file my_file-v4.cif (mmCIF, C-alpha atoms)
data_query
#
loop_
_atom_site.label_atom_id
_atom_site.label_comp_id
_atom_site.auth_asym_id
_atom_site.auth_seq_id
_atom_site.Cartn_x
_atom_site.Cartn_y
_atom_site.Cartn_z
CA MET K 25 -2.28 16.48 79.04
CA ASP K 26 -0.57 18.62 81.71
CA SER K 27 1.58 15.68 82.68
CA VAL K 28 2.81 15.31 79.08
CA VAL K 29 3.67 19.01 78.92
CA GLU K 30 5.49 18.79 82.22
CA PHE K 31 7.40 15.74 80.94
CA LEU K 32 8.52 17.57 77.82
CA LYS K 33 9.62 20.57 79.88
CA SER K 34 11.66 18.29 82.09
CA ILE K 35 13.77 17.06 79.18
CA PRO K 36 17.17 18.79 79.19
CA THR K 37 18.01 21.25 76.43
CA GLY K 38 20.98 19.18 75.27
CA ILE K 39 18.75 16.22 74.59
CA TRP K 40 16.37 18.40 72.55
CA ILE K 41 19.32 19.61 70.51
CA ALA K 42 20.37 16.02 69.84
CA ILE K 43 16.83 15.03 68.89
CA ILE K 44 16.46 17.99 66.52
CA GLY K 45 19.89 17.27 65.01
CA ALA K 46 19.00 13.63 64.47
CA GLY K 47 15.72 14.65 62.90
CA GLY K 48 17.53 17.01 60.58
CA ILE K 49 19.87 14.24 59.55
CA ILE K 50 16.95 11.90 58.89
CA VAL K 51 15.07 14.52 56.87
CA GLY K 52 18.23 15.39 54.96
CA SER K 53 18.86 11.73 54.24
CA MET K 54 15.29 11.30 53.03
CA ILE K 55 15.61 14.31 50.76
CA THR K 56 18.90 12.98 49.40
CA TRP K 57 17.39 9.52 48.87
CA VAL K 58 14.38 10.96 47.06
CA GLY K 59 16.73 12.93 44.82
CA VAL K 60 18.78 9.84 44.08
CA CYS K 61 15.62 7.85 43.27
CA LEU K 62 14.36 10.56 40.95
CA GLN K 63 17.75 10.77 39.23
CA LEU K 64 17.91 6.99 38.80
CA ARG K 65 14.39 6.96 37.38
CA HIS K 66 15.29 9.78 34.99
CA ASP K 67 18.50 8.01 33.91
CA SER K 68 16.57 4.78 33.38
CA LYS K 69 14.02 6.57 31.21
CA GLU K 70 16.80 8.25 29.24
CA ARG K 71 18.57 4.95 28.62
CA GLU K 72 15.28 3.35 27.58
CA ARG K 73 14.57 6.27 25.25
CA GLU K 74 18.07 5.98 23.75
CA ARG K 75 17.64 2.23 23.25
CA GLU K 76 14.27 2.80 21.60
CA MET K 77 15.67 5.55 19.39
CA SER K 78 18.63 3.36 18.43
CA LEU K 79 16.25 0.53 17.52
CA ARG K 80 14.11 2.85 15.42
CA GLN K 81 17.15 4.20 13.60
CA GLU K 82 18.35 0.68 12.85
CA VAL K 83 14.94 -0.43 11.55
CA TYR K 84 14.35 2.67 9.43
CA LEU K 85 17.86 2.76 7.96
CA SER K 86 17.46 -0.89 6.98
CA ALA K 87 14.04 -0.11 5.50
CA ALA K 88 15.50 2.79 3.50
CA LYS K 89 18.14 0.45 2.09
CA GLN K 90 15.52 -2.10 1.05
CA ILE K 91 13.31 0.60 -0.49
CA GLY K 92 16.27 1.78 -2.55
CA LYS K 93 16.83 -1.76 -3.81
CA LEU K 94 13.17 -2.15 -4.72
CA LEU K 95 13.04 1.18 -6.55
CA GLU K 96 16.14 0.28 -8.55
CA TYR K 97 14.76 -3.19 -9.28
CA LEU K 98 11.37 -1.79 -10.34
CA ALA K 99 12.93 0.79 -12.67
CA GLY K 100 14.98 -1.94 -14.40
CA TYR K 101 12.35 -4.68 -14.21
CA TYR K 102 11.92 -4.68 -18.00
CA MET K 103 15.33 -6.32 -18.49
CA THR K 104 16.33 -8.00 -15.23
CA THR K 105 16.45 -11.75 -14.74
CA GLN K 106 16.94 -11.56 -10.96
CA PRO K 107 14.12 -12.39 -8.48
CA ILE K 108 12.32 -9.61 -6.62
CA PRO K 109 14.21 -8.59 -3.44
CA ASN K 110 12.24 -9.95 -0.48
CA GLU K 111 14.00 -8.24 2.45
CA TRP K 112 11.44 -5.40 2.31
CA SER K 113 8.74 -7.67 3.77
CA THR K 114 10.83 -8.06 6.94
CA SER K 115 11.25 -4.29 7.19
CA ILE K 116 7.47 -3.82 6.88
CA GLU K 117 6.86 -6.23 9.76
CA GLN K 118 9.36 -4.38 11.96
CA ILE K 119 7.87 -0.99 11.09
CA CYS K 120 4.40 -2.23 12.03
CA VAL K 121 5.77 -3.19 15.46
CA ILE K 122 7.68 -0.01 16.40
CA GLY K 123 6.29 2.71 14.09
CA THR K 124 3.69 5.34 14.82
CA ASP K 125 0.31 5.18 13.11
CA GLU K 126 1.47 7.77 10.58
CA THR K 127 4.63 5.84 9.76
CA VAL K 128 2.87 2.49 9.50
CA LYS K 129 0.18 3.95 7.22
CA ALA K 130 2.80 5.51 4.90
CA ALA K 131 4.85 2.27 4.82
CA LEU K 132 1.82 0.11 3.99
CA GLU K 133 0.72 2.48 1.20
CA LEU K 134 4.22 2.30 -0.27
CA ASN K 135 4.17 -1.48 0.03
CA ASP K 136 0.78 -1.66 -1.72
CA CYS K 137 2.22 0.47 -4.52
CA PHE K 138 5.12 -1.96 -5.02
CA ASN K 139 2.83 -5.00 -4.96
CA GLN K 140 0.41 -3.48 -7.47
CA ALA K 141 3.26 -2.45 -9.78
CA PHE K 142 4.77 -5.92 -9.95
CA CYS K 143 1.35 -7.54 -10.41
CA GLU K 144 0.64 -5.28 -13.39
CA LEU K 145 4.09 -5.60 -14.96
CA ALA K 146 4.74 -9.31 -14.39
CA PRO K 147 2.65 -10.61 -17.37
CA GLU K 148 4.53 -8.38 -19.83
CA ARG K 149 7.86 -9.38 -18.28
CA GLN K 150 6.93 -13.05 -18.69
CA GLU K 151 5.96 -12.49 -22.32
CA ILE K 152 9.36 -10.90 -22.98
CA ASP K 153 11.08 -13.86 -21.32
CA LEU K 154 9.11 -16.35 -23.42
CA LEU K 155 9.97 -14.46 -26.59
CA GLY K 156 13.61 -14.45 -25.52
CA LYS K 157 13.61 -18.24 -25.17
CA ASN K 158 11.93 -18.56 -28.56
CA LEU K 159 14.49 -16.23 -30.11
CA ASN K 160 17.30 -18.40 -28.76
CA THR K 161 15.68 -21.44 -30.35
CA LEU K 162 15.17 -19.63 -33.64
CA GLY K 163 18.75 -18.38 -33.58
CA GLU K 164 20.03 -21.93 -33.20
CA LEU K 165 17.70 -23.04 -35.99
CA VAL K 166 18.96 -20.29 -38.29
CA GLN K 167 22.51 -21.48 -37.72
CA ALA K 168 21.47 -25.06 -38.48
CA ARG K 169 19.71 -23.97 -41.70
CA SER K 170 22.77 -21.97 -42.70
CA LYS K 171 24.96 -25.06 -42.24
CA GLU K 172 22.56 -27.10 -44.38
CA MET K 173 22.82 -24.52 -47.15
CA SER K 174 26.61 -24.48 -46.92
CA LYS K 175 26.65 -28.25 -47.07
CA SER K 176 24.43 -28.27 -50.18
CA VAL K 177 26.60 -25.66 -51.88
CA GLU K 178 29.76 -27.66 -51.08
CA GLU K 179 28.20 -30.84 -52.49
CA MET K 180 27.27 -29.02 -55.70
CA LYS K 181 30.83 -27.66 -56.02
CA GLN K 182 32.35 -31.08 -55.56
CA TYR K 183 29.97 -32.55 -58.11
CA ASN K 184 30.92 -29.91 -60.68
CA LEU K 185 34.61 -30.57 -60.10
CA GLN K 186 34.09 -34.25 -60.95
CA GLY K 187 32.89 -33.29 -64.43
CA ILE K 188 30.05 -35.82 -64.32
CA VAL K 189 26.76 -34.99 -66.01
CA ASP K 190 23.87 -36.57 -64.13
CA THR K 191 20.75 -34.47 -64.48
CA GLN K 192 18.76 -36.45 -61.95
CA LYS K 193 21.44 -36.21 -59.27
CA TRP K 194 22.02 -32.52 -60.02
CA ASN K 195 18.31 -31.78 -59.74
CA PHE K 196 18.26 -33.64 -56.42
CA MET K 197 21.16 -31.60 -55.03
CA GLN K 198 19.67 -28.40 -56.33
CA GLY K 199 16.32 -29.30 -54.74
CA ASN K 200 18.05 -29.87 -51.40
CA TYR K 201 19.69 -26.46 -51.64
CA GLU K 202 16.44 -24.70 -52.55
CA LEU K 203 14.62 -26.44 -49.70
CA ALA K 204 17.36 -25.46 -47.23
CA ASP K 205 17.27 -21.90 -48.56
CA LYS K 206 13.49 -21.78 -48.14
CA PHE K 207 13.63 -23.04 -44.56
CA PHE K 208 16.46 -20.62 -43.82
CA GLY K 209 14.46 -17.67 -45.16
CA GLU K 210 11.30 -18.64 -43.28
CA THR K 211 13.18 -19.13 -40.01
CA LEU K 212 15.07 -15.88 -40.44
CA GLU K 213 11.82 -14.01 -41.11
CA GLN K 214 10.26 -15.51 -37.97
CA LEU K 215 13.33 -14.50 -36.01
CA ARG K 216 13.07 -10.98 -37.38
CA ASP K 217 9.36 -10.71 -36.52
CA ASP K 218 9.80 -12.03 -32.98
CA LEU K 219 12.77 -9.77 -32.40
CA ASN K 220 10.76 -6.74 -33.47
CA LYS K 221 7.92 -7.85 -31.24
CA GLN K 222 10.22 -8.32 -28.26
CA LEU K 223 11.83 -4.92 -28.87
CA LYS K 224 8.42 -3.23 -28.84
CA LEU K 225 7.45 -5.03 -25.64
CA ILE K 226 10.72 -4.04 -23.99
CA ASN K 227 10.30 -0.41 -25.02
CA ASP K 228 6.72 -0.31 -23.74
CA LEU K 229 7.57 -2.07 -20.49
CA GLU K 230 10.58 0.16 -19.90
CA GLY K 231 8.36 3.25 -19.88
CA LYS K 232 5.83 1.59 -17.58
CA CYS K 233 8.56 0.50 -15.17
CA MET K 234 9.89 4.03 -14.98
CA GLN K 235 6.39 5.43 -14.36
CA GLN K 236 5.71 2.90 -11.61
CA ALA K 237 9.06 3.66 -9.98
CA GLN K 238 8.26 7.37 -10.00
CA GLN K 239 4.85 6.74 -8.41
CA ALA K 240 6.51 4.71 -5.68
CA ASP K 241 9.07 7.48 -5.28
CA GLU K 242 6.23 9.95 -4.69
CA LEU K 243 4.76 7.74 -1.95
CA LEU K 244 8.18 7.57 -0.35
CA THR K 245 7.87 11.24 0.69
CA PRO K 246 5.11 10.71 3.34
CA PHE K 247 7.07 7.78 4.72
CA ILE K 248 10.23 9.88 5.06
CA ILE K 249 8.28 12.69 6.73
CA ALA K 250 6.73 10.29 9.27
CA VAL K 251 10.07 8.64 10.05
CA ARG K 252 11.83 11.95 10.54
CA LYS K 253 9.11 13.01 12.97
CA GLU K 254 9.75 9.89 15.02
CA LEU K 255 13.50 10.50 14.98
CA ASN K 256 13.09 14.23 15.69
CA THR K 257 15.03 15.04 12.52
CA PRO K 258 14.22 18.26 10.61
CA PHE K 259 12.98 17.83 7.05
CA ASN K 260 12.22 20.39 4.34
CA GLU K 261 9.49 18.75 2.27
CA GLU K 262 9.44 21.51 -0.35
CA VAL K 263 13.15 21.19 -1.07
CA TYR K 264 12.90 17.40 -1.19
CA ARG K 265 10.02 17.48 -3.69
CA GLY K 266 12.04 19.89 -5.84
CA ILE K 267 14.98 17.47 -5.85
CA LEU K 268 12.57 14.63 -6.67
CA LYS K 269 11.17 16.54 -9.65
CA VAL K 270 14.65 17.16 -11.07
CA SER K 271 15.51 13.49 -10.58
CA HIS K 272 12.38 12.37 -12.43
CA GLU K 273 13.09 14.70 -15.35
CA ARG K 274 16.62 13.35 -15.56
CA SER K 275 15.29 9.77 -15.47
CA LYS K 276 12.90 10.58 -18.30
CA LYS K 277 15.74 11.86 -20.47
CA ASN K 278 17.83 8.81 -19.64
CA LEU K 279 14.91 6.58 -20.60
CA GLU K 280 14.49 8.31 -23.97
CA ALA K 281 18.22 7.97 -24.66
CA CYS K 282 18.16 4.29 -23.67
CA VAL K 283 15.18 3.54 -25.93
CA SER K 284 16.87 5.31 -28.84
CA CYS K 285 20.06 3.34 -28.26
CA MET K 286 18.20 0.03 -28.11
CA ARG K 287 16.33 0.77 -31.33
CA ALA K 288 19.56 1.60 -33.11
CA LYS K 289 21.24 -1.53 -31.79
CA PHE K 290 18.43 -3.90 -32.70
CA GLY K 291 17.86 -2.14 -36.03
CA LYS K 292 21.51 -2.67 -36.95
CA PHE K 293 21.20 -6.32 -35.96
CA LEU K 294 18.13 -6.79 -38.14
CA ASP K 295 19.76 -5.07 -41.10
CA MET K 296 22.75 -7.37 -40.74
CA LYS K 297 20.49 -10.41 -40.76
CA LYS K 298 18.79 -9.28 -43.96
CA THR K 299 22.07 -9.41 -45.82
CA MET K 300 22.73 -13.03 -44.88
#
call {"tool": "encode", "arguments": {"input": "my_file-v4.cif", "output": "structure tokens"}}
result
Amino acid sequence: MDSVVEFLKSIPTGIWIAIIGAGGIIVGSMITWVGVCLQLRHDSKEREREREMSLRQEVYLSAAKQIGKLLEYLAGYYMTTQPIPNEWSTSIEQICVIGTDETVKAALELNDCFNQAFCELAPERQEIDLLGKNLNTLGELVQARSKEMSKSVEEMKQYNLQGIVDTQKWNFMQGNYELADKFFGETLEQLRDDLNKQLKLINDLEGKCMQQAQQADELLTPFIIAVRKELNTPFNEEVYRGILKVSHERSKKNLEACVSCMRAKFGKFLDMKKTM
């Protein structure tokens, strides 16, 4: 031990200064390197967080767009002939991958609401479509019956112009006219009945579609809240629900005006048919 101490004492002061200086450089370099590593790790985490946030924004903005399409489609389902938009299913799958438990739960509840709505409304929509096809057929048949009547009337006019008296032939032509008139009246009455039936179904379904759309709109609120939490975006739920209430009241008034307009339109059409 004494020999080691003596050895250290024998080292010149200049060498000790060099050793201490080198040690300081090494320690300083290590400190600098640790700082650089920490900064790189922080930057990497920040870039990863930004990429994740960008992905979430892209997914949720796309989902919002698809929800808007579905709400619009559901509200007008009573009259549309277009297929149900299917892009929402892709958005649901993406949300289930990147969303928090709260967001996924809200999205699935909204999705269940849409599925249930279309399952309940589809049979009535199909019945309206079938009646529409039948009305087209009846409309064509009414036109055909009308042509038959016109033809019979023209034949009777031409016969009268000839000045020939043939009771048997006249009775035959008159019978053809009466038969055509009977078929025309029966077909027109069937058209009138089916049109009234379709109008009632449309009116009923229109109200149900609007109610279902409003229910889905209500379930949209928890989804928006969950998404905004993920994106660290402030959200005033009370103000949003107030806006939603005003929107629903406005939709209700628009629905009543639309139903009134449709009744007037179809009623005018039916009155016109009666005078034929």
call {"tool": "atom_distance", "arguments": {"input": "my_file-v4.cif", "atom1": "atom CA of Arg169 of chain K", "atom2": "atom CA of Glu151 of chain K"}}
result
26.4 Å
call {"tool": "closest_residue", "arguments": {"input": "my_file-v4.cif", "among": "K:Glu76, K:Glu172, K:Asp190, K:Glu96", "to": "Glu254 of chain K", "atoms": "all atoms listed in the file"}}
result
K:Glu76
call {"tool": "residues_near_point", "arguments": {"input": "my_file-v4.cif", "point": "(18.2, -26.3, -42.2)", "cutoff": "8 Å", "atoms": "all atoms listed in the file", "output": "MDAnalysis selection string"}}
result
chainID K and resid 165:173 204:205 207:208
call {"tool": "closest_residue", "arguments": {"input": "my_file-v4.cif", "among": "K:Asn256, K:Asp136, K:Gly231, K:Ala237", "to": "Lys93 of chain K", "atoms": "all atoms listed in the file"}}
result
K:Ala237
call {"tool": "resolve_selection", "arguments": {"input": "my_file-v4.cif", "expression": "the PyMOL selection byres ((chain K and resi 124) around 12)", "output": "list of chain:residue names"}}
result
K:Arg80, K:Gln118, K:Ile119, K:Cys120, K:Val121, K:Ile122, K:Gly123, K:Asp125, K:Glu126, K:Thr127, K:Val128, K:Lys129, K:Ala130, K:Ala131, K:Phe247, K:Ile249, K:Ala250, K:Val251, K:Arg252, K:Lys253, K:Glu254, K:Leu255
call {"tool": "resolve_selection", "arguments": {"input": "my_file-v4.cif", "expression": "the PyMOL selection byres ((chain K and resi 261) around 12)", "output": "short mmCIF file (atom, residue, chain, number, x, y, z; two decimals) with C-alpha atoms, keeping the file's coordinate frame"}}
result
data_model
loop_
_atom_site.label_atom_id
_atom_site.label_comp_id
_atom_site.auth_asym_id
_atom_site.auth_seq_id
_atom_site.Cartn_x
_atom_site.Cartn_y
_atom_site.Cartn_z
CA GLU K 242 6.23 9.95 -4.69
CA LEU K 244 8.18 7.57 -0.35
CA THR K 245 7.87 11.24 0.69
CA PRO K 246 5.11 10.71 3.34
CA PHE K 247 7.07 7.78 4.72
CA ILE K 248 10.23 9.88 5.06
CA ILE K 249 8.28 12.69 6.73
CA ALA K 250 6.73 10.29 9.27
CA ARG K 252 11.83 11.95 10.54
CA PRO K 258 14.22 18.26 10.61
CA PHE K 259 12.98 17.83 7.05
CA ASN K 260 12.22 20.39 4.34
CA GLU K 262 9.44 21.51 -0.35
CA VAL K 263 13.15 21.19 -1.07
CA TYR K 264 12.90 17.40 -1.19
CA ARG K 265 10.02 17.48 -3.69
CA GLY K 266 12.04 19.89 -5.84
CA ILE K 267 14.98 17.47 -5.85
CA LEU K 268 12.57 14.63 -6.67
#
call {"tool": "resolve_selection", "arguments": {"input": "my_file-v4.cif", "expression": "the PyMOL selection byres ((chain K and resi 99-106) around 7)", "output": "mmCIF file with C-alpha atoms, in the frame of the given file"}}
result
data_model
loop_
_atom_site.group_PDB
_atom_site.id
_atom_site.type_symbol
_atom_site.label_atom_id
_atom_site.label_comp_id
_atom_site.auth_asym_id
_atom_site.auth_seq_id
_atom_site.Cartn_x
_atom_site.Cartn_y
_atom_site.Cartn_z
ATOM 1 C CA LEU K 95 13.040 1.180 -6.550
ATOM 2 C CA GLU K 96 16.140 0.280 -8.550
ATOM 3 C CA TYR K 97 14.760 -3.190 -9.280
ATOM 4 C CA LEU K 98 11.370 -1.790 -10.340
ATOM 5 C CA PRO K 107 14.120 -12.390 -8.480
ATOM 6 C CA ILE K 108 12.320 -9.610 -6.620
ATOM 7 C CA ARG K 149 7.860 -9.380 -18.280
ATOM 8 C CA ILE K 226 10.720 -4.040 -23.990
ATOM 9 C CA LEU K 229 7.570 -2.070 -20.490
ATOM 10 C CA GLU K 230 10.580 0.160 -19.900
ATOM 11 C CA CYS K 233 8.560 0.500 -15.170
ATOM 12 C CA MET K 234 9.890 4.030 -14.980
ATOM 13 C CA ALA K 237 9.060 3.660 -9.980
#
call {"tool": "residues_near_point", "arguments": {"input": "my_file-v4.cif", "point": "(19.7, -17.8, -31.9)", "cutoff": "12 Å", "atoms": "all atoms listed in the file", "output": "PyMOL selection string"}}
result
chain K and resi 155-170+211-212+214-216+218-219+297
call {"tool": "atom_distance", "arguments": {"input": "my_file-v4.cif", "atom1": "atom CA of Met77 of chain K", "atom2": "atom CA of Phe138 of chain K"}}
result
27.6 Å
call {"tool": "atom_distance", "arguments": {"input": "my_file-v4.cif", "atom1": "atom CA of Cys137 of chain K", "atom2": "atom CA of Asn227 of chain K"}}
result
22.1 Å
call {"tool": "residues_around", "arguments": {"input": "my_file-v4.cif", "residues": "Ser115 of chain K", "least_positions_apart": "6", "cutoff": "8 Å", "atoms": "only C-alpha atoms", "output": "list in words"}}
result
Val83, Tyr84, Ser86, Ala87 and Gln90 of chain K
call {"tool": "decode", "arguments": {"input": "my_file-v4.cif", "residues": "segment 164-180 of chain K", "atoms": "N, CA and C atoms", "output": "CSV table (one decimal), in the first residue's frame"}}
result
chain,number,residue,atom,x,y,z
K,164,GLU,N,-99.7,2.0,-66.7
K,164,GLU,CA,-99.7,1.5,-68.1
K,164,GLU,C,-101.0,0.9,-68.5
K,165,LEU,N,-101.6,0.1,-67.6
K,165,LEU,CA,-102.9,-0.5,-67.9
K,165,LEU,C,-104.0,0.5,-68.1
K,166,VAL,N,-104.0,1.5,-67.3
K,166,VAL,CA,-105.0,2.6,-67.4
K,166,VAL,C,-104.9,3.3,-68.8
K,167,GLN,N,-103.7,3.5,-69.2
K,167,GLN,CA,-103.4,4.1,-70.5
K,167,GLN,C,-104.0,3.2,-71.6
K,168,ALA,N,-103.7,1.9,-71.5
K,168,ALA,CA,-104.2,0.9,-72.5
K,168,ALA,C,-105.7,0.9,-72.5
K,169,ARG,N,-106.3,0.9,-71.3
K,169,ARG,CA,-107.8,0.9,-71.3
K,169,ARG,C,-108.4,2.2,-71.9
K,170,SER,N,-107.7,3.3,-71.6
K,170,SER,CA,-108.1,4.6,-72.2
K,170,SER,C,-108.1,4.5,-73.7
K,171,LYS,N,-107.0,3.9,-74.3
K,171,LYS,CA,-106.9,3.8,-75.7
K,171,LYS,C,-108.0,2.9,-76.3
K,172,GLU,N,-108.3,1.8,-75.5
K,172,GLU,CA,-109.4,0.9,-76.0
K,172,GLU,C,-110.8,1.7,-76.0
K,173,MET,N,-111.0,2.5,-75.0
K,173,MET,CA,-112.2,3.3,-75.0
K,173,MET,C,-112.3,4.3,-76.2
K,174,SER,N,-111.1,4.9,-76.4
K,174,SER,CA,-111.1,5.9,-77.5
K,174,SER,C,-111.3,5.2,-78.9
K,175,LYS,N,-110.7,4.0,-79.0
K,175,LYS,CA,-110.9,3.3,-80.2
K,175,LYS,C,-112.4,2.9,-80.4
K,176,SER,N,-113.0,2.5,-79.3
K,176,SER,CA,-114.5,2.1,-79.4
K,176,SER,C,-115.3,3.3,-79.8
K,177,VAL,N,-115.0,4.4,-79.2
K,177,VAL,CA,-115.8,5.7,-79.5
K,177,VAL,C,-115.6,6.1,-81.0
K,178,GLU,N,-114.3,5.9,-81.5
K,178,GLU,CA,-114.0,6.3,-82.9
K,178,GLU,C,-114.8,5.4,-83.8
K,179,GLU,N,-114.8,4.1,-83.5
K,179,GLU,CA,-115.5,3.1,-84.3
K,179,GLU,C,-117.0,3.5,-84.4
K,180,MET,N,-117.6,3.8,-83.2
K,180,MET,CA,-119.0,4.2,-83.2
K,180,MET,C,-119.3,5.5,-84.0
